[in-house]
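Take a look at the structure set out below.
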Amino acid sequence: MSDTPILEPRPVLKPWIASIHAYVPGKSKAEDGRELVKLSANENPLGCSQAALDALAQGHHPNLYPDPDATRLREAIGAVHGIDPSRIICGTGSGELLHGAVQAFAGPGDEVLASRYSFSLYPLLAAKVGARIVFADDVDYAQDVDALLAAVTKHTRVVLLDNPNNPVGTWLPAGEIARLHAALPRDVLLVIDQAYAEFLAPDEDDGGFGLAAACDNVLVTRTFSKAYGLAGERVGWATGAPHLIDALNRLRGAFNVSESGQKAAVAALGDQQFVLQSRDHNARELARFCDAMAALGNHGIRPLPSKANFVLVLFDGALSAAAALQVLGEAGYAVRHLPGQGLPHGLRITIGTARQMDDIARIIGEAAEMAG
Ligand SMILES: *Cc1c(COP(=O)(O)O)cnc(C)c1O
């Protein structure tokens, strides 16, 4: 703000906190303040289950603290996924639980390992506890088991693996996850962040729940923010061995999931039809949009393969990602440009409605033609 020398003593930030920035969320407004169609945060274009809306509209007790243990919600999650509720913890989004996992097992001098292109929150989590983030090499942008294993050192304490991955959208199948886990030292915590798992086809299972049930060093996180369409309610959960759940319970906020969040999530779990509808809508529109982008290959435009509700489109031709971002913004769309993550040539575009995706494909196609 000001270059005036500081004469008064004032509280001094810890150096590892001074090195981090606040999480940068997806944009919803243009620079001039115009509201944009927000396809920058992987939110659900279909909204959420009507059952969740009905639950939210029912009798509410804002004067009372919520159930600190989210008992009914953990039971409902356990029933849907066949997991003992005592091995489930709920969080203020899965973000709180990812933070707890890093905080509990890594500190100054330790390393937290992630793939080169992964959730932008991960380096912040490591920095917050004074640990060092280490990025393993990618293979054509995707997370790779051999590269992750090659980056493990005696200082590695936690591996954060988003599967499907954000921002790329690639996915490792069960054989690869098992191979990674088998080769990791037993005292390294493997966190499998399955924020986008509901968008996978029914036969696509990375085996995370099985490992979390059987092993002492695997934690799986899930969220209601994406396929369930409840991002604003801030509800996530994790499952793993009792000693992991115990560690996260020590670190989480005392009343971390609001009453409305617990009620909406329980109701949403009871409406799996909505989740399937979201998955099918996404699969259809994702395929159509990727085809449209692949057809612009002669303009140096390439969609990376995605199993999530977004696609990372690379712009290596005359139309740059920054220029495409600009044109889309002028047309009323916010998508995600991630130069800070080493992707100045990519745009991560959330799959919206069919009409929105047609519109975006047309705008990018026209801009690519004009750019030559
Ligand atoms: C969106 C997202 C989450 C979800 O965060 P919440 O705190 O549950 O809203 C977690 N991991 C990844 C990789 C994500 O993209």
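Ordering of the structure tokens sets the chain letters (A, B, ...); residue numbers start at 1 within each chain; ligands are numbered from 1 in the order shown.
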
Distance query Cys90 in chain A at most 10 Å, only C-alpha atoms, self and fewer than 6 positions along chain excluded, as a PyMOL selection string: chain A and resi 68-71+73-74+77+96-97+221-223+235-239+245+248-249+252+256-257+262

Write out as a ChimeraX atom specification which residues come within 12 Å of Leu64 in chain A when counting only C-alpha atoms, dropping same-chain ones fewer than 3 positions away. /A:60-61,67-68,255,258-260

Select, from A:Val275, A:Leu39, A:Ala318, A:Leu13, the residue with the minimum atom-to-atom distance to Leu347 in chain A, counting only C-alpha atoms.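 Nearest candidate to Leu347 in chain A out of A:Val275, A:Leu39, A:Ala318, A:Leu13: A:Leu39.
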
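By chain and then residue number, the residues within 9 Å of Pro173 in chain A are Asn163, Ile177, Ala178, Glu204, Asp205, Asp206 and Gly207 of chain A, counting only C-alpha atoms and disregarding those fewer than 4 positions away in sequence.
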
With C-alpha atoms retained, export the selected residues as a compact mmCIF listing (two decimals), in the first residue's frame.
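What ended up in out-v7.txt:
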```
# COMPACT_ATOMS: atom_id res chain seq x y z
CA ASN A 163 -8.52 -38.10 -9.00
CA ILE A 177 -3.68 -46.10 -7.52
CA ALA A 178 -2.90 -49.54 -6.02
CA GLU A 204 -14.90 -46.43 -13.16
CA ASP A 205 -13.72 -46.80 -9.56
CA ASP A 206 -10.18 -45.92 -8.49
CA GLY A 207 -10.36 -48.27 -5.50
```

Shell of 8 Å around Thr156 in chain A, only C-alpha atoms, local chain residues under 6 positions omitted, as a PyMOL selection string: chain A and resi 110-113+188

At most 10 Å from ligand 1 (only C-alpha atoms and all ligand atoms): residue list as a PyMOL selection string: chain A and resi 41-43+91-99+118-122+160-167+169+192-196+221-226+230-237+308-310

Quick one: write out the picked residues with C-alpha atoms as a CSV table (one decimal), in the first residue's frame?
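Generated output (part-v9.csv):
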```csv
chain,number,residue,atom,x,y,z
A,41,ALA,CA,-15.6,-22.8,-10.5
A,42,ASN,CA,-16.9,-26.2,-11.6
A,43,GLU,CA,-20.3,-25.6,-10.1
A,91,GLY,CA,-16.0,-30.9,7.1
A,92,THR,CA,-16.7,-27.3,6.0
A,93,GLY,CA,-16.2,-28.5,2.5
A,94,SER,CA,-13.6,-31.1,1.8
A,95,GLY,CA,-11.2,-28.2,1.9
A,96,GLU,CA,-11.2,-28.2,5.7
A,97,LEU,CA,-10.4,-31.9,5.8
A,98,LEU,CA,-7.6,-31.6,3.2
A,99,HIS,CA,-6.2,-28.9,5.4
A,118,SER,CA,-3.2,-30.3,-9.5
A,119,PHE,CA,-5.7,-28.5,-7.2
A,120,SER,CA,-4.4,-24.9,-6.6
A,121,LEU,CA,-5.3,-25.2,-2.9
A,122,TYR,CA,-2.6,-27.9,-2.3
A,160,LEU,CA,-2.2,-35.2,-2.3
A,161,LEU,CA,-3.8,-36.8,-5.4
A,162,ASP,CA,-6.9,-35.4,-6.9
A,163,ASN,CA,-8.5,-38.1,-9.0
A,164,PRO,CA,-10.1,-37.0,-11.3
A,165,ASN,CA,-7.6,-34.2,-11.3
A,166,ASN,CA,-8.3,-30.5,-11.3
A,167,PRO,CA,-7.4,-28.5,-13.5
A,169,GLY,CA,-9.4,-33.6,-15.6
A,192,ILE,CA,-7.1,-39.4,-2.6
A,193,ASP,CA,-9.3,-36.3,-3.3
A,194,GLN,CA,-12.3,-37.6,-5.2
A,195,ALA,CA,-14.2,-34.3,-5.6
A,196,TYR,CA,-15.3,-35.2,-9.1
A,221,THR,CA,-12.1,-37.1,0.5
A,222,ARG,CA,-15.5,-36.3,-1.2
A,223,THR,CA,-17.6,-33.2,-1.5
A,224,PHE,CA,-21.2,-32.0,-1.9
A,225,SER,CA,-19.9,-29.0,-3.9
A,226,LYS,CA,-19.8,-30.5,-7.4
A,230,LEU,CA,-24.3,-27.7,-2.9
A,231,ALA,CA,-21.1,-25.7,-3.1
A,232,GLY,CA,-22.7,-22.8,-1.2
A,233,GLU,CA,-23.6,-25.0,1.8
A,234,ARG,CA,-19.9,-26.0,2.4
A,235,VAL,CA,-20.1,-29.7,3.1
A,236,GLY,CA,-17.5,-32.3,2.4
A,237,TRP,CA,-16.4,-35.6,4.0
A,308,ALA,CA,-14.6,-34.3,-14.6
A,309,ASN,CA,-17.2,-31.5,-15.1
A,310,PHE,CA,-14.7,-29.2,-16.9
```

From a DSSP calculation on the backbone, collect every residue of range 78-254 of chain A in helix (DSSP H, G or I) and output the set as a ChimeraX atom specification. /A:78-81,85-87,93-105,121-128,145-150,174-183,197-199,208-214,231-233,242-251

Could you name the residues that touch His243 in chain A at 8 Å or less, counting only C-alpha atoms, but leaving out those on the same chain fewer than 3 positions away, as a VMD selection string? chain A and resid 216 246 to 247

Secondary structure check, strand (DSSP E or B) residues of range 138-346 of chain A, as a ChimeraX atom specification: /A:139,142,156-162,189-193,218-223,235-240,301-303,310-315,333-334,336-338,343-346

Counting only C-alpha atoms, figure out which residue out of A:Ala264, A:Ala18, A:Ala254, A:Ile364 gets nearest to Lys128 in chain A. A:Ala18

Å distance separating CA of Pro62 in chain A from CA of Ala268 in chain A, one decimal place: 20.6 Å

When you look at Leu190 in chain A with a cut-off of 7 Å (counting only C-alpha atoms), what residues show up, excluding the ones that are within fewer than 5 positions of it in the same chain? I need them as a PDB file with all heavy atoms, in the first residue's frame.
```
ATOM      1  N   VAL A 158       3.072 -36.428   3.139  1.00  0.00           N
ATOM      2  CA  VAL A 158       1.710 -36.504   2.617  1.00  0.00           C
ATOM      3  C   VAL A 158       1.763 -36.423   1.095  1.00  0.00           C
ATOM      4  O   VAL A 158       2.514 -35.607   0.544  1.00  0.00           O
ATOM      5  CB  VAL A 158       0.823 -35.345   3.152  1.00  0.00           C
ATOM      6  CG1 VAL A 158      -0.598 -35.439   2.594  1.00  0.00           C
ATOM      7  CG2 VAL A 158       0.796 -35.321   4.683  1.00  0.00           C
ATOM      8  N   VAL A 159       0.987 -37.282   0.421  1.00  0.00           N
ATOM      9  CA  VAL A 159       0.805 -37.189  -1.031  1.00  0.00           C
ATOM     10  C   VAL A 159      -0.643 -36.777  -1.272  1.00  0.00           C
ATOM     11  O   VAL A 159      -1.568 -37.430  -0.774  1.00  0.00           O
ATOM     12  CB  VAL A 159       1.093 -38.533  -1.736  1.00  0.00           C
ATOM     13  CG1 VAL A 159       0.840 -38.420  -3.237  1.00  0.00           C
ATOM     14  CG2 VAL A 159       2.537 -38.979  -1.464  1.00  0.00           C
ATOM     15  N   LEU A 160      -0.841 -35.672  -1.996  1.00  0.00           N
ATOM     16  CA  LEU A 160      -2.187 -35.194  -2.314  1.00  0.00           C
ATOM     17  C   LEU A 160      -2.469 -35.507  -3.776  1.00  0.00           C
ATOM     18  O   LEU A 160      -1.785 -35.009  -4.674  1.00  0.00           O
ATOM     19  CB  LEU A 160      -2.281 -33.683  -2.071  1.00  0.00           C
ATOM     20  CG  LEU A 160      -2.068 -33.217  -0.623  1.00  0.00           C
ATOM     21  CD1 LEU A 160      -2.008 -31.691  -0.556  1.00  0.00           C
ATOM     22  CD2 LEU A 160      -3.189 -33.734   0.284  1.00  0.00           C
ATOM     23  N   ASN A 217      -2.878 -45.779   6.017  1.00  0.00           N
ATOM     24  CA  ASN A 217      -2.276 -44.538   5.503  1.00  0.00           C
ATOM     25  C   ASN A 217      -2.997 -43.999   4.267  1.00  0.00           C
ATOM     26  O   ASN A 217      -2.375 -43.352   3.436  1.00  0.00           O
ATOM     27  CB  ASN A 217      -0.788 -44.750   5.204  1.00  0.00           C
ATOM     28  CG  ASN A 217      -0.558 -45.742   4.068  1.00  0.00           C
ATOM     29  OD1 ASN A 217      -1.399 -46.609   3.822  1.00  0.00           O
ATOM     30  ND2 ASN A 217       0.557 -45.623   3.382  1.00  0.00           N
ATOM     31  N   VAL A 218      -4.307 -44.285   4.159  1.00  0.00           N
ATOM     32  CA  VAL A 218      -5.066 -43.756   3.017  1.00  0.00           C
ATOM     33  C   VAL A 218      -6.310 -43.032   3.517  1.00  0.00           C
ATOM     34  O   VAL A 218      -7.098 -43.579   4.295  1.00  0.00           O
ATOM     35  CB  VAL A 218      -5.485 -44.875   2.033  1.00  0.00           C
ATOM     36  CG1 VAL A 218      -6.325 -44.289   0.896  1.00  0.00           C
ATOM     37  CG2 VAL A 218      -4.255 -45.592   1.480  1.00  0.00           C
ATOM     38  N   LEU A 219      -6.459 -41.791   3.065  1.00  0.00           N
ATOM     39  CA  LEU A 219      -7.646 -41.002   3.369  1.00  0.00           C
ATOM     40  C   LEU A 219      -8.302 -40.638   2.038  1.00  0.00           C
ATOM     41  O   LEU A 219      -7.608 -40.226   1.107  1.00  0.00           O
ATOM     42  CB  LEU A 219      -7.240 -39.717   4.114  1.00  0.00           C
ATOM     43  CG  LEU A 219      -8.387 -38.884   4.673  1.00  0.00           C
ATOM     44  CD1 LEU A 219      -8.923 -39.518   5.958  1.00  0.00           C
ATOM     45  CD2 LEU A 219      -7.932 -37.461   4.959  1.00  0.00           C
TER      46      LEU A 219
END
```

Which is closest to Ala114 in chain A among A:Val220, A:Ala334, A:Val102, A:Leu244, if we use only C-alpha atoms? A:Val102

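Neighbours of Leu319 in chain A closer than or equal to 10 Å, with only C-alpha atoms counted and sequence neighbours fewer than 4 positions away skipped, come out as His299, Gly300, Ile301, Phe315, Ala323, Ala324, His345, Ile364, Gly365, Ala367, Ala368, Glu369, Met370, Ala371 and Gly372 of chain A.
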
Determine the nearest neighbour of Asn44 in chain A from the options A:Ile351, A:Leu200, A:Leu56, A:Leu328, counting only C-alpha atoms.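 Of A:Ile351, A:Leu200, A:Leu56, A:Leu328, the one nearest Asn44 in chain A is A:Ile351, counting only C-alpha atoms.
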